[in-house]
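J.: Got a structure for you, written out below as structure tokens; questions coming shortly.
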Amino acid sequence: MPQKSETTVLILALLITVGLVGGGVWWFMKHSGLDIGGLANNQSQPLGQSKVESFSSVQNVPSGVFNYGGSTSWVSIRKTVDPVIENVWPQFRLRYTDPDRSAPSSQTGIQMLLDNQLSFSQSSVPIPNEAYEQARQRGFSLQEIPVAIDGVAIAVNPSLNIKGLTVAQFNDIYAGKITNWNQVGGPNLKIIPYGKKDRDSGSHIVFMPTTTEALRQVAVNPGGIYYTSAPLVISQCNVKPLPVGRNSNELVSPYKLPFIPLSQCPQQRNQVNVEAFLSGQYPLSRRLLVVIKQNNQLDQQAGEAYARLLLTAQGQELITKAGFVSIR
């Protein structure tokens, strides 16, 4: 075969291979439910200094009052980490800000950032494509900086007699395909899935304004179910966290074993199974992200400083104490 023909055949073979691999990745992403919108638009790289030990060693921390807010999954970080930051950097004053007309969430936090109501936001979901476009139209860009790994825990009523759920069963419950607990090995009892408007959809979902209210409803409704950040569920005294698995023979608890009976709470509380989240054995996990407005102004400096502080050795240690997995 002439050399030119061999080259043409090799190029065609390479193109076909790339097409097959790309198609396979697209099929996996689509059917796994993984949202790669944020990753496709964003270079989510840790900022600046590497291997910084303490908050006091972080550079370029600005002075001023900076509004921030967003995902309720960040509650324990705001309580555990942020006061220590402000103690070390008293001129870097953090002011948590709720939305005016809706419940706090990752989505409302990103929108408030776009609307210049926040200096930076805290998110438990990737930035949606629409937000990137809105930012571009307003003359700036958005960046997400991962700072921790969070497990998602499923809460049910303590009286519900069920070993756990597979990821597929959990998804089918919130899709409205499974409507009775007896379809997943439980009692003959209607499932009441509680959800959030900016996260869930469907006429079968009972929407709650806040995570606190959703957990209260699960605590009094035998058929109730809700899901949120593991630290918010595991420490509760009135709901039961469920083990979850990729299949029914490999259920993994989001809490450390042995399970502490709820009757002993609050004197003793269950702890997050950090090891299972870190190893990937527990199947429901996600990254916590600091969302930064890249506009070369003070807000950008504040968001970048906050992310750098959380990525220090001291910040990562405090994040672990708050019930999340260190990303470094």
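Identifiers in this document derive from the order of the structure tokens: chains are assigned A, B, ..., residues are numbered from 1 separately in each chain, and ligands are numbered from 1 in order of occurrence.
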Could you write out, as a PDB file with all heavy atoms, in the first residue's frame, all the residues of region 142-239 of chain A that DSSP marks as strand (DSSP E or B)?
T.:
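Below you can see part-v5.pdb, which holds the result:
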```
ATOM      1  N   LEU A 142     -17.145  33.549  36.385  1.00  0.00           N
ATOM      2  CA  LEU A 142     -17.259  32.857  37.665  1.00  0.00           C
ATOM      3  C   LEU A 142     -16.224  31.742  37.735  1.00  0.00           C
ATOM      4  O   LEU A 142     -15.887  31.125  36.728  1.00  0.00           O
ATOM      5  CB  LEU A 142     -18.661  32.267  37.835  1.00  0.00           C
ATOM      6  CG  LEU A 142     -19.844  33.238  37.875  1.00  0.00           C
ATOM      7  CD1 LEU A 142     -21.153  32.459  37.965  1.00  0.00           C
ATOM      8  CD2 LEU A 142     -19.726  34.220  39.035  1.00  0.00           C
ATOM      9  N   GLN A 143     -15.758  31.489  38.923  1.00  0.00           N
ATOM     10  CA  GLN A 143     -14.834  30.385  39.164  1.00  0.00           C
ATOM     11  C   GLN A 143     -15.261  29.650  40.414  1.00  0.00           C
ATOM     12  O   GLN A 143     -15.671  30.257  41.396  1.00  0.00           O
ATOM     13  CB  GLN A 143     -13.392  30.891  39.324  1.00  0.00           C
ATOM     14  CG  GLN A 143     -12.387  29.756  39.488  1.00  0.00           C
ATOM     15  CD  GLN A 143     -10.968  30.254  39.689  1.00  0.00           C
ATOM     16  OE1 GLN A 143     -10.757  31.408  40.047  1.00  0.00           O
ATOM     17  NE2 GLN A 143      -9.986  29.405  39.470  1.00  0.00           N
ATOM     18  N   GLU A 144     -15.162  28.333  40.377  1.00  0.00           N
ATOM     19  CA  GLU A 144     -15.473  27.522  41.556  1.00  0.00           C
ATOM     20  C   GLU A 144     -14.195  26.861  42.058  1.00  0.00           C
ATOM     21  O   GLU A 144     -13.420  26.305  41.284  1.00  0.00           O
ATOM     22  CB  GLU A 144     -16.553  26.480  41.245  1.00  0.00           C
ATOM     23  CG  GLU A 144     -16.212  25.540  40.116  1.00  0.00           C
ATOM     24  CD  GLU A 144     -17.352  24.609  39.746  1.00  0.00           C
ATOM     25  OE1 GLU A 144     -18.514  25.006  39.902  1.00  0.00           O
ATOM     26  OE2 GLU A 144     -17.062  23.484  39.295  1.00  0.00           O
ATOM     27  N   ILE A 145     -13.974  26.941  43.356  1.00  0.00           N
ATOM     28  CA  ILE A 145     -12.782  26.374  43.985  1.00  0.00           C
ATOM     29  C   ILE A 145     -13.220  25.277  44.964  1.00  0.00           C
ATOM     30  O   ILE A 145     -13.883  25.556  45.967  1.00  0.00           O
ATOM     31  CB  ILE A 145     -11.990  27.439  44.758  1.00  0.00           C
ATOM     32  CG1 ILE A 145     -11.644  28.623  43.850  1.00  0.00           C
ATOM     33  CG2 ILE A 145     -10.721  26.823  45.344  1.00  0.00           C
ATOM     34  CD1 ILE A 145     -10.766  28.280  42.680  1.00  0.00           C
ATOM     35  N   PRO A 146     -12.916  24.009  44.690  1.00  0.00           N
ATOM     36  CA  PRO A 146     -13.283  22.937  45.621  1.00  0.00           C
ATOM     37  C   PRO A 146     -12.447  22.995  46.891  1.00  0.00           C
ATOM     38  O   PRO A 146     -11.225  23.168  46.834  1.00  0.00           O
ATOM     39  CB  PRO A 146     -12.995  21.659  44.812  1.00  0.00           C
ATOM     40  CG  PRO A 146     -11.991  22.064  43.786  1.00  0.00           C
ATOM     41  CD  PRO A 146     -12.233  23.510  43.484  1.00  0.00           C
ATOM     42  N   VAL A 147     -13.119  22.861  48.035  1.00  0.00           N
ATOM     43  CA  VAL A 147     -12.407  22.954  49.322  1.00  0.00           C
ATOM     44  C   VAL A 147     -12.678  21.763  50.243  1.00  0.00           C
ATOM     45  O   VAL A 147     -11.995  21.611  51.256  1.00  0.00           O
ATOM     46  CB  VAL A 147     -12.782  24.263  50.056  1.00  0.00           C
ATOM     47  CG1 VAL A 147     -12.305  25.476  49.269  1.00  0.00           C
ATOM     48  CG2 VAL A 147     -14.279  24.350  50.319  1.00  0.00           C
ATOM     49  N   ALA A 148     -13.670  20.932  49.929  1.00  0.00           N
ATOM     50  CA  ALA A 148     -13.998  19.794  50.798  1.00  0.00           C
ATOM     51  C   ALA A 148     -14.862  18.803  50.035  1.00  0.00           C
ATOM     52  O   ALA A 148     -15.405  19.119  48.964  1.00  0.00           O
ATOM     53  CB  ALA A 148     -14.729  20.264  52.054  1.00  0.00           C
ATOM     54  N   ILE A 149     -14.976  17.604  50.593  1.00  0.00           N
ATOM     55  CA  ILE A 149     -15.879  16.582  50.056  1.00  0.00           C
ATOM     56  C   ILE A 149     -16.983  16.342  51.073  1.00  0.00           C
ATOM     57  O   ILE A 149     -16.716  16.198  52.275  1.00  0.00           O
ATOM     58  CB  ILE A 149     -15.132  15.271  49.770  1.00  0.00           C
ATOM     59  CG1 ILE A 149     -14.057  15.502  48.694  1.00  0.00           C
ATOM     60  CG2 ILE A 149     -16.101  14.175  49.320  1.00  0.00           C
ATOM     61  CD1 ILE A 149     -13.141  14.321  48.489  1.00  0.00           C
ATOM     62  N   ASP A 150     -18.213  16.322  50.580  1.00  0.00           N
ATOM     63  CA  ASP A 150     -19.394  16.166  51.436  1.00  0.00           C
ATOM     64  C   ASP A 150     -20.161  14.920  51.015  1.00  0.00           C
ATOM     65  O   ASP A 150     -20.368  14.690  49.822  1.00  0.00           O
ATOM     66  CB  ASP A 150     -20.284  17.408  51.294  1.00  0.00           C
ATOM     67  CG  ASP A 150     -21.595  17.292  52.056  1.00  0.00           C
ATOM     68  OD1 ASP A 150     -21.609  16.612  53.096  1.00  0.00           O
ATOM     69  OD2 ASP A 150     -22.585  17.900  51.617  1.00  0.00           O
ATOM     70  N   GLY A 151     -20.570  14.120  51.979  1.00  0.00           N
ATOM     71  CA  GLY A 151     -21.459  13.011  51.689  1.00  0.00           C
ATOM     72  C   GLY A 151     -22.905  13.458  51.790  1.00  0.00           C
ATOM     73  O   GLY A 151     -23.243  14.324  52.593  1.00  0.00           O
ATOM     74  N   VAL A 152     -23.771  12.887  50.979  1.00  0.00           N
ATOM     75  CA  VAL A 152     -25.209  13.176  51.026  1.00  0.00           C
ATOM     76  C   VAL A 152     -25.886  12.033  51.777  1.00  0.00           C
ATOM     77  O   VAL A 152     -25.748  10.865  51.399  1.00  0.00           O
ATOM     78  CB  VAL A 152     -25.795  13.309  49.613  1.00  0.00           C
ATOM     79  CG1 VAL A 152     -27.300  13.521  49.679  1.00  0.00           C
ATOM     80  CG2 VAL A 152     -25.126  14.458  48.861  1.00  0.00           C
ATOM     81  N   ALA A 153     -26.599  12.360  52.835  1.00  0.00           N
ATOM     82  CA  ALA A 153     -27.260  11.344  53.651  1.00  0.00           C
ATOM     83  C   ALA A 153     -28.767  11.377  53.445  1.00  0.00           C
ATOM     84  O   ALA A 153     -29.355  12.436  53.219  1.00  0.00           O
ATOM     85  CB  ALA A 153     -26.936  11.545  55.125  1.00  0.00           C
ATOM     86  N   ILE A 154     -29.377  10.208  53.517  1.00  0.00           N
ATOM     87  CA  ILE A 154     -30.828  10.060  53.368  1.00  0.00           C
ATOM     88  C   ILE A 154     -31.438   9.892  54.750  1.00  0.00           C
ATOM     89  O   ILE A 154     -31.043   9.009  55.519  1.00  0.00           O
ATOM     90  CB  ILE A 154     -31.164   8.839  52.496  1.00  0.00           C
ATOM     91  CG1 ILE A 154     -30.522   8.987  51.109  1.00  0.00           C
ATOM     92  CG2 ILE A 154     -32.667   8.658  52.387  1.00  0.00           C
ATOM     93  CD1 ILE A 154     -30.644   7.738  50.257  1.00  0.00           C
ATOM     94  N   ALA A 155     -32.420  10.747  55.063  1.00  0.00           N
ATOM     95  CA  ALA A 155     -33.082  10.703  56.371  1.00  0.00           C
ATOM     96  C   ALA A 155     -34.479  10.126  56.222  1.00  0.00           C
ATOM     97  O   ALA A 155     -35.222  10.489  55.304  1.00  0.00           O
ATOM     98  CB  ALA A 155     -33.166  12.107  56.960  1.00  0.00           C
ATOM     99  N   VAL A 156     -34.850   9.223  57.154  1.00  0.00           N
ATOM    100  CA  VAL A 156     -36.203   8.670  57.205  1.00  0.00           C
ATOM    101  C   VAL A 156     -36.686   8.702  58.654  1.00  0.00           C
ATOM    102  O   VAL A 156     -35.920   9.000  59.574  1.00  0.00           O
ATOM    103  CB  VAL A 156     -36.260   7.219  56.663  1.00  0.00           C
ATOM    104  CG1 VAL A 156     -35.882   7.172  55.192  1.00  0.00           C
ATOM    105  CG2 VAL A 156     -35.350   6.291  57.483  1.00  0.00           C
ATOM    106  N   LEU A 165     -31.079   1.678  51.130  1.00  0.00           N
ATOM    107  CA  LEU A 165     -31.498   1.867  49.737  1.00  0.00           C
ATOM    108  C   LEU A 165     -30.291   1.778  48.818  1.00  0.00           C
ATOM    109  O   LEU A 165     -29.174   2.145  49.205  1.00  0.00           O
ATOM    110  CB  LEU A 165     -32.147   3.243  49.548  1.00  0.00           C
ATOM    111  CG  LEU A 165     -33.504   3.503  50.202  1.00  0.00           C
ATOM    112  CD1 LEU A 165     -33.873   4.980  50.034  1.00  0.00           C
ATOM    113  CD2 LEU A 165     -34.587   2.614  49.601  1.00  0.00           C
ATOM    114  N   THR A 166     -30.527   1.307  47.609  1.00  0.00           N
ATOM    115  CA  THR A 166     -29.504   1.433  46.582  1.00  0.00           C
ATOM    116  C   THR A 166     -29.628   2.817  45.956  1.00  0.00           C
ATOM    117  O   THR A 166     -30.654   3.495  46.099  1.00  0.00           O
ATOM    118  CB  THR A 166     -29.662   0.366  45.497  1.00  0.00           C
ATOM    119  OG1 THR A 166     -30.879   0.604  44.767  1.00  0.00           O
ATOM    120  CG2 THR A 166     -29.695  -1.036  46.101  1.00  0.00           C
ATOM    121  N   ASN A 180     -44.133   3.272  47.260  1.00  0.00           N
ATOM    122  CA  ASN A 180     -44.473   2.591  48.507  1.00  0.00           C
ATOM    123  C   ASN A 180     -43.225   1.921  49.053  1.00  0.00           C
ATOM    124  O   ASN A 180     -42.418   1.359  48.294  1.00  0.00           O
ATOM    125  CB  ASN A 180     -45.568   1.549  48.277  1.00  0.00           C
ATOM    126  CG  ASN A 180     -46.184   1.062  49.575  1.00  0.00           C
ATOM    127  OD1 ASN A 180     -45.529   0.458  50.425  1.00  0.00           O
ATOM    128  ND2 ASN A 180     -47.488   1.311  49.741  1.00  0.00           N
ATOM    129  N   LYS A 190     -47.077   4.387  52.207  1.00  0.00           N
ATOM    130  CA  LYS A 190     -46.815   5.346  51.139  1.00  0.00           C
ATOM    131  C   LYS A 190     -45.566   6.168  51.444  1.00  0.00           C
ATOM    132  O   LYS A 190     -45.348   6.619  52.565  1.00  0.00           O
ATOM    133  CB  LYS A 190     -48.015   6.287  50.967  1.00  0.00           C
ATOM    134  CG  LYS A 190     -47.846   7.300  49.855  1.00  0.00           C
ATOM    135  CD  LYS A 190     -49.053   8.236  49.756  1.00  0.00           C
ATOM    136  CE  LYS A 190     -48.847   9.282  48.670  1.00  0.00           C
ATOM    137  NZ  LYS A 190     -49.996  10.218  48.574  1.00  0.00           N
ATOM    138  N   ILE A 192     -43.439   9.480  51.284  1.00  0.00           N
ATOM    139  CA  ILE A 192     -43.628  10.934  51.175  1.00  0.00           C
ATOM    140  C   ILE A 192     -42.254  11.566  50.989  1.00  0.00           C
ATOM    141  O   ILE A 192     -41.531  11.817  51.948  1.00  0.00           O
ATOM    142  CB  ILE A 192     -44.306  11.521  52.431  1.00  0.00           C
ATOM    143  CG1 ILE A 192     -45.588  10.766  52.772  1.00  0.00           C
ATOM    144  CG2 ILE A 192     -44.582  13.013  52.222  1.00  0.00           C
ATOM    145  CD1 ILE A 192     -46.663  10.879  51.707  1.00  0.00           C
ATOM    146  N   PRO A 193     -41.863  11.830  49.732  1.00  0.00           N
ATOM    147  CA  PRO A 193     -40.552  12.453  49.507  1.00  0.00           C
ATOM    148  C   PRO A 193     -40.610  13.968  49.678  1.00  0.00           C
ATOM    149  O   PRO A 193     -41.370  14.656  48.987  1.00  0.00           O
ATOM    150  CB  PRO A 193     -40.224  12.072  48.059  1.00  0.00           C
ATOM    151  CG  PRO A 193     -41.538  11.815  47.418  1.00  0.00           C
ATOM    152  CD  PRO A 193     -42.523  11.462  48.493  1.00  0.00           C
ATOM    153  N   TYR A 194     -39.838  14.471  50.610  1.00  0.00           N
ATOM    154  CA  TYR A 194     -39.746  15.919  50.819  1.00  0.00           C
ATOM    155  C   TYR A 194     -38.576  16.447  49.985  1.00  0.00           C
ATOM    156  O   TYR A 194     -37.558  15.761  49.819  1.00  0.00           O
ATOM    157  CB  TYR A 194     -39.551  16.237  52.299  1.00  0.00           C
ATOM    158  CG  TYR A 194     -40.747  15.871  53.144  1.00  0.00           C
ATOM    159  CD1 TYR A 194     -40.788  14.676  53.865  1.00  0.00           C
ATOM    160  CD2 TYR A 194     -41.851  16.713  53.202  1.00  0.00           C
ATOM    161  CE1 TYR A 194     -41.897  14.339  54.635  1.00  0.00           C
ATOM    162  CE2 TYR A 194     -42.962  16.381  53.976  1.00  0.00           C
ATOM    163  CZ  TYR A 194     -42.975  15.192  54.674  1.00  0.00           C
ATOM    164  OH  TYR A 194     -44.086  14.854  55.429  1.00  0.00           O
ATOM    165  N   GLY A 195     -38.739  17.673  49.487  1.00  0.00           N
ATOM    166  CA  GLY A 195     -37.703  18.216  48.623  1.00  0.00           C
ATOM    167  C   GLY A 195     -37.628  19.725  48.671  1.00  0.00           C
ATOM    168  O   GLY A 195     -38.341  20.388  49.435  1.00  0.00           O
ATOM    169  N   VAL A 206     -43.163  16.791  48.067  1.00  0.00           N
ATOM    170  CA  VAL A 206     -43.691  17.784  49.004  1.00  0.00           C
ATOM    171  C   VAL A 206     -42.565  18.774  49.280  1.00  0.00           C
ATOM    172  O   VAL A 206     -41.570  18.438  49.920  1.00  0.00           O
ATOM    173  CB  VAL A 206     -44.160  17.129  50.321  1.00  0.00           C
ATOM    174  CG1 VAL A 206     -44.697  18.191  51.274  1.00  0.00           C
ATOM    175  CG2 VAL A 206     -45.223  16.069  50.042  1.00  0.00           C
ATOM    176  N   PHE A 207     -42.719  19.980  48.766  1.00  0.00           N
ATOM    177  CA  PHE A 207     -41.634  20.959  48.859  1.00  0.00           C
ATOM    178  C   PHE A 207     -41.630  21.656  50.217  1.00  0.00           C
ATOM    179  O   PHE A 207     -42.677  22.066  50.712  1.00  0.00           O
ATOM    180  CB  PHE A 207     -41.742  21.980  47.730  1.00  0.00           C
ATOM    181  CG  PHE A 207     -41.534  21.379  46.371  1.00  0.00           C
ATOM    182  CD1 PHE A 207     -42.601  21.179  45.504  1.00  0.00           C
ATOM    183  CD2 PHE A 207     -40.269  20.979  45.965  1.00  0.00           C
ATOM    184  CE1 PHE A 207     -42.408  20.610  44.255  1.00  0.00           C
ATOM    185  CE2 PHE A 207     -40.067  20.407  44.727  1.00  0.00           C
ATOM    186  CZ  PHE A 207     -41.137  20.222  43.867  1.00  0.00           C
ATOM    187  N   GLY A 224     -42.005   9.459  55.529  1.00  0.00           N
ATOM    188  CA  GLY A 224     -41.214  10.560  54.993  1.00  0.00           C
ATOM    189  C   GLY A 224     -39.784  10.189  54.651  1.00  0.00           C
ATOM    190  O   GLY A 224     -39.195   9.278  55.231  1.00  0.00           O
ATOM    191  N   ILE A 225     -39.228  10.938  53.698  1.00  0.00           N
ATOM    192  CA  ILE A 225     -37.829  10.776  53.310  1.00  0.00           C
ATOM    193  C   ILE A 225     -37.313  12.132  52.839  1.00  0.00           C
ATOM    194  O   ILE A 225     -38.041  12.922  52.234  1.00  0.00           O
ATOM    195  CB  ILE A 225     -37.661   9.704  52.198  1.00  0.00           C
ATOM    196  CG1 ILE A 225     -36.172   9.536  51.832  1.00  0.00           C
ATOM    197  CG2 ILE A 225     -38.477  10.056  50.956  1.00  0.00           C
ATOM    198  CD1 ILE A 225     -35.917   8.385  50.866  1.00  0.00           C
ATOM    199  N   TYR A 226     -36.037  12.400  53.126  1.00  0.00           N
ATOM    200  CA  TYR A 226     -35.404  13.645  52.692  1.00  0.00           C
ATOM    201  C   TYR A 226     -33.914  13.384  52.607  1.00  0.00           C
ATOM    202  O   TYR A 226     -33.385  12.473  53.259  1.00  0.00           O
ATOM    203  CB  TYR A 226     -35.675  14.767  53.702  1.00  0.00           C
ATOM    204  CG  TYR A 226     -35.146  16.126  53.298  1.00  0.00           C
ATOM    205  CD1 TYR A 226     -35.723  16.845  52.256  1.00  0.00           C
ATOM    206  CD2 TYR A 226     -34.057  16.695  53.967  1.00  0.00           C
ATOM    207  CE1 TYR A 226     -35.237  18.093  51.893  1.00  0.00           C
ATOM    208  CE2 TYR A 226     -33.573  17.937  53.614  1.00  0.00           C
ATOM    209  CZ  TYR A 226     -34.163  18.636  52.574  1.00  0.00           C
ATOM    210  OH  TYR A 226     -33.679  19.875  52.204  1.00  0.00           O
ATOM    211  N   TYR A 227     -33.217  14.156  51.787  1.00  0.00           N
ATOM    212  CA  TYR A 227     -31.772  14.005  51.679  1.00  0.00           C
ATOM    213  C   TYR A 227     -31.081  15.361  51.706  1.00  0.00           C
ATOM    214  O   TYR A 227     -31.600  16.344  51.186  1.00  0.00           O
ATOM    215  CB  TYR A 227     -31.386  13.235  50.409  1.00  0.00           C
ATOM    216  CG  TYR A 227     -31.682  13.952  49.100  1.00  0.00           C
ATOM    217  CD1 TYR A 227     -30.676  14.635  48.407  1.00  0.00           C
ATOM    218  CD2 TYR A 227     -32.953  13.922  48.540  1.00  0.00           C
ATOM    219  CE1 TYR A 227     -30.943  15.279  47.204  1.00  0.00           C
ATOM    220  CE2 TYR A 227     -33.221  14.558  47.331  1.00  0.00           C
ATOM    221  CZ  TYR A 227     -32.201  15.233  46.668  1.00  0.00           C
ATOM    222  OH  TYR A 227     -32.475  15.878  45.478  1.00  0.00           O
ATOM    223  N   THR A 228     -29.928  15.384  52.346  1.00  0.00           N
ATOM    224  CA  THR A 228     -29.152  16.616  52.435  1.00  0.00           C
ATOM    225  C   THR A 228     -27.739  16.263  52.893  1.00  0.00           C
ATOM    226  O   THR A 228     -27.382  15.078  53.010  1.00  0.00           O
ATOM    227  CB  THR A 228     -29.820  17.621  53.407  1.00  0.00           C
ATOM    228  OG1 THR A 228     -29.157  18.885  53.312  1.00  0.00           O
ATOM    229  CG2 THR A 228     -29.779  17.126  54.838  1.00  0.00           C
ATOM    230  N   SER A 229     -26.945  17.261  53.179  1.00  0.00           N
ATOM    231  CA  SER A 229     -25.568  17.067  53.604  1.00  0.00           C
ATOM    232  C   SER A 229     -25.485  16.160  54.834  1.00  0.00           C
ATOM    233  O   SER A 229     -26.250  16.322  55.793  1.00  0.00           O
ATOM    234  CB  SER A 229     -24.951  18.435  53.924  1.00  0.00           C
ATOM    235  OG  SER A 229     -23.644  18.289  54.418  1.00  0.00           O
TER     236      SER A 229
END
```
J.: Tell me, as JSON, numbers by chain, which residues lie within 12 Å of Asp115 (chain A), counting only C-alpha atoms; anything in the same chain fewer than 4 positions away does not count.
T.: {"A": [99, 108, 109, 110, 111, 119, 120, 121, 131, 134, 135, 138, 140, 293]}
J.: Do you know which residues are at most 12 Å from Ser141 (chain A) counting only C-alpha atoms, after dropping those on the same chain fewer than 6 positions away, and could you put them as a list in words?
T.: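 Near Ser141 (chain A), the qualifying residues are Asn41, Asn42, Gln43, Leu113, Leu114, Ile127, Asn129, Glu130, Ala131, Tyr132, Glu133, Gln134, Ala135, Val291, Ile292, Lys293, Gln294, Asn295, Asn296 and Gln300 of chain A.
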J.: Would you pick out the contacts of Pro222 (chain A) at 8 Å or less, using only C-alpha atoms, so that residues sharing its chain but fewer than 5 positions from it are not included, and give the list as a list in words?
T.: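 Listed by chain and then number, they are Val156, Asn157, Pro158, Ser159 and Leu160 of chain A.
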J.: Restricting it to all heavy atoms, dump the selection as a PDB file, in the first residue's frame.
T.:
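File produced: out_36.pdb:
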```pdb
ATOM      1  N   VAL A 156     -34.850   9.223  57.154  1.00  0.00           N
ATOM      2  CA  VAL A 156     -36.203   8.670  57.205  1.00  0.00           C
ATOM      3  C   VAL A 156     -36.686   8.702  58.654  1.00  0.00           C
ATOM      4  O   VAL A 156     -35.920   9.000  59.574  1.00  0.00           O
ATOM      5  CB  VAL A 156     -36.260   7.219  56.663  1.00  0.00           C
ATOM      6  CG1 VAL A 156     -35.882   7.172  55.192  1.00  0.00           C
ATOM      7  CG2 VAL A 156     -35.350   6.291  57.483  1.00  0.00           C
ATOM      8  N   ASN A 157     -37.954   8.396  58.832  1.00  0.00           N
ATOM      9  CA  ASN A 157     -38.519   8.344  60.169  1.00  0.00           C
ATOM     10  C   ASN A 157     -37.887   7.194  60.964  1.00  0.00           C
ATOM     11  O   ASN A 157     -37.661   6.105  60.417  1.00  0.00           O
ATOM     12  CB  ASN A 157     -40.030   8.147  60.068  1.00  0.00           C
ATOM     13  CG  ASN A 157     -40.723   8.253  61.409  1.00  0.00           C
ATOM     14  OD1 ASN A 157     -40.787   7.295  62.168  1.00  0.00           O
ATOM     15  ND2 ASN A 157     -41.254   9.441  61.695  1.00  0.00           N
ATOM     16  N   PRO A 158     -37.611   7.396  62.251  1.00  0.00           N
ATOM     17  CA  PRO A 158     -36.974   6.341  63.052  1.00  0.00           C
ATOM     18  C   PRO A 158     -37.764   5.040  63.104  1.00  0.00           C
ATOM     19  O   PRO A 158     -37.171   3.968  63.309  1.00  0.00           O
ATOM     20  CB  PRO A 158     -36.871   6.978  64.441  1.00  0.00           C
ATOM     21  CG  PRO A 158     -36.860   8.446  64.197  1.00  0.00           C
ATOM     22  CD  PRO A 158     -37.750   8.654  63.006  1.00  0.00           C
ATOM     23  N   SER A 159     -39.076   5.105  62.918  1.00  0.00           N
ATOM     24  CA  SER A 159     -39.895   3.898  62.998  1.00  0.00           C
ATOM     25  C   SER A 159     -39.853   3.054  61.731  1.00  0.00           C
ATOM     26  O   SER A 159     -40.327   1.906  61.729  1.00  0.00           O
ATOM     27  CB  SER A 159     -41.350   4.275  63.295  1.00  0.00           C
ATOM     28  OG  SER A 159     -41.917   4.987  62.195  1.00  0.00           O
ATOM     29  N   LEU A 160     -39.307   3.578  60.639  1.00  0.00           N
ATOM     30  CA  LEU A 160     -39.303   2.848  59.372  1.00  0.00           C
ATOM     31  C   LEU A 160     -38.338   1.667  59.446  1.00  0.00           C
ATOM     32  O   LEU A 160     -37.144   1.841  59.697  1.00  0.00           O
ATOM     33  CB  LEU A 160     -38.897   3.784  58.230  1.00  0.00           C
ATOM     34  CG  LEU A 160     -38.971   3.164  56.834  1.00  0.00           C
ATOM     35  CD1 LEU A 160     -40.417   2.907  56.433  1.00  0.00           C
ATOM     36  CD2 LEU A 160     -38.284   4.056  55.806  1.00  0.00           C
TER      37      LEU A 160
END
```
J.: Between A:Val239, A:Val274, A:Cys265, A:Ala302, which one has atoms that come closest to Ile319 (chain A), using only C-alpha atoms?
T.: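 Closest to Ile319 (chain A) of all the choices is A:Val274.
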J.: May I ask which of the residues A:Gly186, A:Val290, A:Gln268, A:Tyr282 is the closest one to Gly70 (chain A), counting only C-alpha atoms?
T.: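 The answer is A:Val290, which sits nearest to Gly70 (chain A).
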J.: One number please: CA of Thr179 (chain A) to CA of Glu213 (chain A), in Å, one decimal.
T.: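 So the answer is 21.8 Å.
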J.: To one decimal place in Å, what is the distance between CA of Gln271 (chain A) and CA of Tyr255 (chain A)?
T.: 5.5 Å
